[in-house]
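A.B. asks: Have a look at the structure that comes next, please.
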Amino acid sequence: MPTIGRLTLTRFRNYRLARVDVDNRAVVVCGPNGAGKTNLLEALSFLSPGRGLRRAKLPEIALSDTPAAGAHEAKAESDDPGQGWAVAATLVGPTDTTTIGTGWNPAINDKSGRDRRLLRIDGQPARTQTALVDHLSVLWLTPQMDRLFIDGSSGRRRFLDRLVFGFDTGHAGRLARYERALRDRARLLREGVRDPSWLTALEDQLATTGVAVTAARRETVDRLHQACRRTIGPFPRAHLAMVGTLDSWLAERPALLVEDTVRGRLRDQRVSDAESGSAGIGPHRSDVMMGLYAENGTVIPADRCSTGEQKALLLAMVLANARLLAALPTGPPVLLLDEVVAHLDADRRRTLFCEILALGGQAWLTGTDVPLFAPLKDRAQFIMIAAGQASTMDSGARFEV
């Protein structure tokens, strides 16, 4: 996979206009709380499908013209609250470059009237965001992701699907088709439409794409589980497994037989699904069981681990996934690690930095305390963020005692 060479933000969060030029080394983003470090990583997360690392509504991202956000800056000629926001990036690969532009324009909605994220690749409009996975693999960890272990299963599925994207670029498209068919079937049932041909076509789509989505998740979890068990050093050994009806069926039966079973279940459950508002079977009902191995070999469920263990567990999984991807022809993903270093002890920090350097890919790390990144001082690029402005800094000068 290529790396990011240039990132340009326009009216994004607290950035009126900012440009960052980097090479393929690790990037350390430092600055005080509230300066815009996480905003920078959020912009990078929009170079992949979905709603970004905050899962924010598109209008919420646009720069506010209140005094609290950028009043100290000069007002640009094009400064119009109706402009929305934009992120542009140049991706540098071994032999060529690719430009990606994405953003939100309040004047453009989709057919349902909802806000729509726009996307251009090399200047040409892209029909769907799934096209992004063909150009860049992006993974992130944020402090808020600790809630994966205590919130509902949907967050864990999203976390897993982002890992699957790196191994199977078709997964994003299948997932989008499944979710669209799921919504369409629910709408028909809610409106009392009982046309068997419409429902049968949608249920066939749900069966074929649902089984494919489940199979891709299972394959990724299996390989990640094995990679995590080989983890060495101070990070915990993670245990992962898929839990769900389709997951159990695929472990016992051929995929085609599972598809037929799903079609029959969906047909038989139309009345109950109309009442509940969603299909009672499918990959949207699956969950990812996460835990860590204790010294005696037993598995401790992640929701029973300490906060520190949970953070280390998530990081161990992301690093194991990155190692697997680095061994593929596409190469390692771009890692976005928001305020991760501050929660690690010195031993785990050193291991993290060694892992990042060994991967040979690009990682973006944020933090408030520059000295925590001292082991990277000669091997990474350092950017200082202050009030929505980014500037490179002399790492050697910053580390002087």
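Residue numbering restarts at 1 for every chain of the structure tokens, chains are lettered A, B, ... in their displayed order, and ligands are numbered from 1 as they appear.
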Could you make a table, as a Markdown table, of the residues of segment 109-177 of chain A that have an atom within 12 Å of an atom of segment 199-207 of chain A, each with its nearest atom pair and distance in Å to one decimal, counting only C-alpha atoms, in chain and number order?
C.D. replies:
| residue | atom | partner | partner_atom | distance |
| --- | --- | --- | --- | --- |
| A:Arg174 | CA | A:Gln205 | CA | 9.9 |
| A:Leu175 | CA | A:Leu206 | CA | 10.1 |
| A:Ala176 | CA | A:Leu206 | CA | 11.1 |
| A:Arg177 | CA | A:Gln205 | CA | 8.0 |
A.B. asks: Would you export the selected residues with C-alpha atoms as a CSV table (one decimal), in the first residue's frame, please?
C.D. replies:
chain,number,residue,atom,x,y,z
A,174,ARG,CA,-20.3,-6.8,0.1
A,175,LEU,CA,-20.9,-5.2,3.5
A,176,ALA,CA,-22.5,-2.2,1.9
A,177,ARG,CA,-24.7,-4.3,-0.3
A.B. asks: Write out as a PyMOL selection string each polymer residue whose atoms come within 12 Å of Asp268 of chain A, counting only C-alpha atoms; drop sequence neighbours fewer than 2 positions from it.
C.D. replies: chain A and resi 199-200+203+261-266+270-274+279-281
A.B. asks: Let me make sure I understand: among A:Gly52, A:Ile100, A:Ala107, A:Phe12, which one has the smallest atom-to-atom distance to Ser64 of chain A if we use only C-alpha atoms?
C.D. replies: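 Ranking A:Gly52, A:Ile100, A:Ala107, A:Phe12 by distance to Ser64 of chain A, first place goes to A:Phe12.
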A.B. asks: Using only C-alpha atoms for the distances, tell me which of A:Val288, A:Asn39, A:Gly170, A:Thr3 is nearest to Tyr15 of chain A.
C.D. replies: A:Asn39
A.B. asks: Write down as a PyMOL selection string the residues of segment 149-361 of chain A whose backbone DSSP state falls under helix (DSSP H, G or I).
C.D. replies: chain A and resi 149+153-167+170-190+196-229+245-252+255-268+270-276+283-285+302-304+307-326+341-343+346-359
A.B. asks: May I have the residues within 7 Å of Gly210 of chain A as a PyMOL selection string, using only C-alpha atoms and disregarding those fewer than 4 positions away in the same chain?
C.D. replies: chain A and resi 178+206+214+282-283
A.B. asks: Got time to write the residues from that selection, N, CA and C atoms, as a compact mmCIF listing (two decimals), in the first residue's frame?
C.D. replies:
# COMPACT_ATOMS: atom_id res chain seq x y z
N TYR A 178 -25.00 -5.71 1.64
CA TYR A 178 -25.79 -6.39 2.67
C TYR A 178 -26.60 -5.40 3.49
N LEU A 206 -29.45 -11.00 0.81
CA LEU A 206 -29.02 -11.09 2.21
C LEU A 206 -28.34 -12.42 2.49
N THR A 214 -19.81 -13.06 6.64
CA THR A 214 -19.49 -13.87 7.80
C THR A 214 -18.22 -14.69 7.58
N GLY A 282 -28.42 -13.15 10.60
CA GLY A 282 -27.49 -12.53 9.66
C GLY A 282 -26.23 -12.07 10.37
N PRO A 283 -25.24 -11.61 9.61
CA PRO A 283 -23.98 -11.16 10.23
C PRO A 283 -24.13 -9.94 11.11
A.B. asks: Hey, what's within 12 Å of Glu355 of chain A if we count only C-alpha atoms and toss same-chain stuff fewer than 2 positions away? As a short mmCIF file (atom, residue, chain, number, x, y, z; two decimals) with C-alpha atoms, in the first residue's frame, please?
C.D. replies:
data_model
loop_
_atom_site.label_atom_id
_atom_site.label_comp_id
_atom_site.auth_asym_id
_atom_site.auth_seq_id
_atom_site.Cartn_x
_atom_site.Cartn_y
_atom_site.Cartn_z
CA ALA A 26 6.50 7.59 11.39
CA THR A 231 2.86 -12.21 20.40
CA ILE A 232 6.06 -11.80 22.39
CA GLY A 233 7.23 -9.08 24.74
CA PHE A 235 1.88 -7.03 25.29
CA LEU A 315 -2.93 -2.37 20.67
CA ALA A 316 -1.65 -5.96 20.57
CA VAL A 318 -3.77 -3.91 15.86
CA LEU A 319 -0.03 -4.60 15.81
CA ALA A 320 -0.59 -8.29 15.05
CA ASN A 321 -2.90 -7.32 12.21
CA ALA A 322 -0.34 -4.86 10.86
CA ARG A 323 2.34 -7.57 10.90
CA ALA A 326 3.08 -6.23 6.12
CA PRO A 332 1.51 -2.55 6.02
CA LEU A 335 -1.68 3.35 11.59
CA ARG A 348 5.56 -1.23 26.20
CA ARG A 349 6.41 2.15 24.65
CA ARG A 350 9.79 0.85 23.51
CA THR A 351 8.16 -2.30 22.12
CA LEU A 352 5.56 -0.23 20.27
CA PHE A 353 8.19 1.98 18.68
CA LEU A 357 9.89 0.81 12.81
CA ALA A 358 10.08 -2.90 11.95
CA LEU A 359 6.82 -2.73 9.97
CA GLY A 360 8.37 -0.20 7.62
CA GLY A 361 5.03 1.54 7.09
CA GLN A 362 3.68 4.89 8.11
CA ALA A 363 2.25 5.50 11.57
CA LEU A 376 11.94 8.02 17.84
#
A.B. asks: Write out as a list in words which residues come within 7 Å of Cys228 of chain A when counting only C-alpha atoms, dropping same-chain ones fewer than 6 positions away.
C.D. replies: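 Within the cut-off, the hits are Arg237, Ala238, Met317 and Ala320 of chain A.
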A.B. asks: Would you kindly return, as an mmCIF file with C-alpha atoms, in the first residue's frame, each protein, DNA or RNA residue with an atom no farther than 12 Å from any atom of Ala251 of chain A, considering only C-alpha atoms and excluding same-chain residues fewer than 3 positions away?
C.D. replies:
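Output below, filename result_6.cif:
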data_model
loop_
_atom_site.group_PDB
_atom_site.id
_atom_site.type_symbol
_atom_site.label_atom_id
_atom_site.label_comp_id
_atom_site.auth_asym_id
_atom_site.auth_seq_id
_atom_site.Cartn_x
_atom_site.Cartn_y
_atom_site.Cartn_z
ATOM 1 C CA VAL A 211 -22.655 -15.633 4.289
ATOM 2 C CA THR A 214 -19.488 -13.871 7.805
ATOM 3 C CA ALA A 215 -16.904 -16.077 6.083
ATOM 4 C CA ARG A 218 -14.215 -15.695 10.390
ATOM 5 C CA GLU A 219 -11.127 -16.033 8.213
ATOM 6 C CA ASP A 222 -8.787 -17.058 12.710
ATOM 7 C CA ALA A 241 -13.481 -15.793 18.258
ATOM 8 C CA MET A 242 -16.655 -15.105 16.290
ATOM 9 C CA VAL A 243 -19.955 -15.798 18.040
ATOM 10 C CA GLY A 244 -23.219 -16.018 16.135
ATOM 11 C CA THR A 245 -25.682 -18.331 14.419
ATOM 12 C CA LEU A 246 -24.156 -17.959 10.951
ATOM 13 C CA ASP A 247 -20.677 -18.371 12.414
ATOM 14 C CA SER A 248 -21.690 -21.661 14.021
ATOM 15 C CA PRO A 254 -20.806 -25.865 3.385
ATOM 16 C CA ALA A 255 -21.444 -22.206 2.535
ATOM 17 C CA LEU A 257 -26.096 -25.040 2.357
ATOM 18 C CA VAL A 258 -25.890 -22.178 4.874
#
A.B. asks: Could you state the separation of atom CA of Val28 of chain A and atom CA of Leu58 of chain A in Å, given to one decimal place?
C.D. replies: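 Interatomic distance, atom CA of Val28 of chain A to atom CA of Leu58 of chain A: 26.7 Å.
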A.B. asks: Find the residues around Pro236 of chain A up to 9 Å (only C-alpha atoms counted), leave out those fewer than 6 positions away in its own chain, and share them as a ChimeraX atom specification.
C.D. replies: /A:228-229,292-294,309,312-313,316
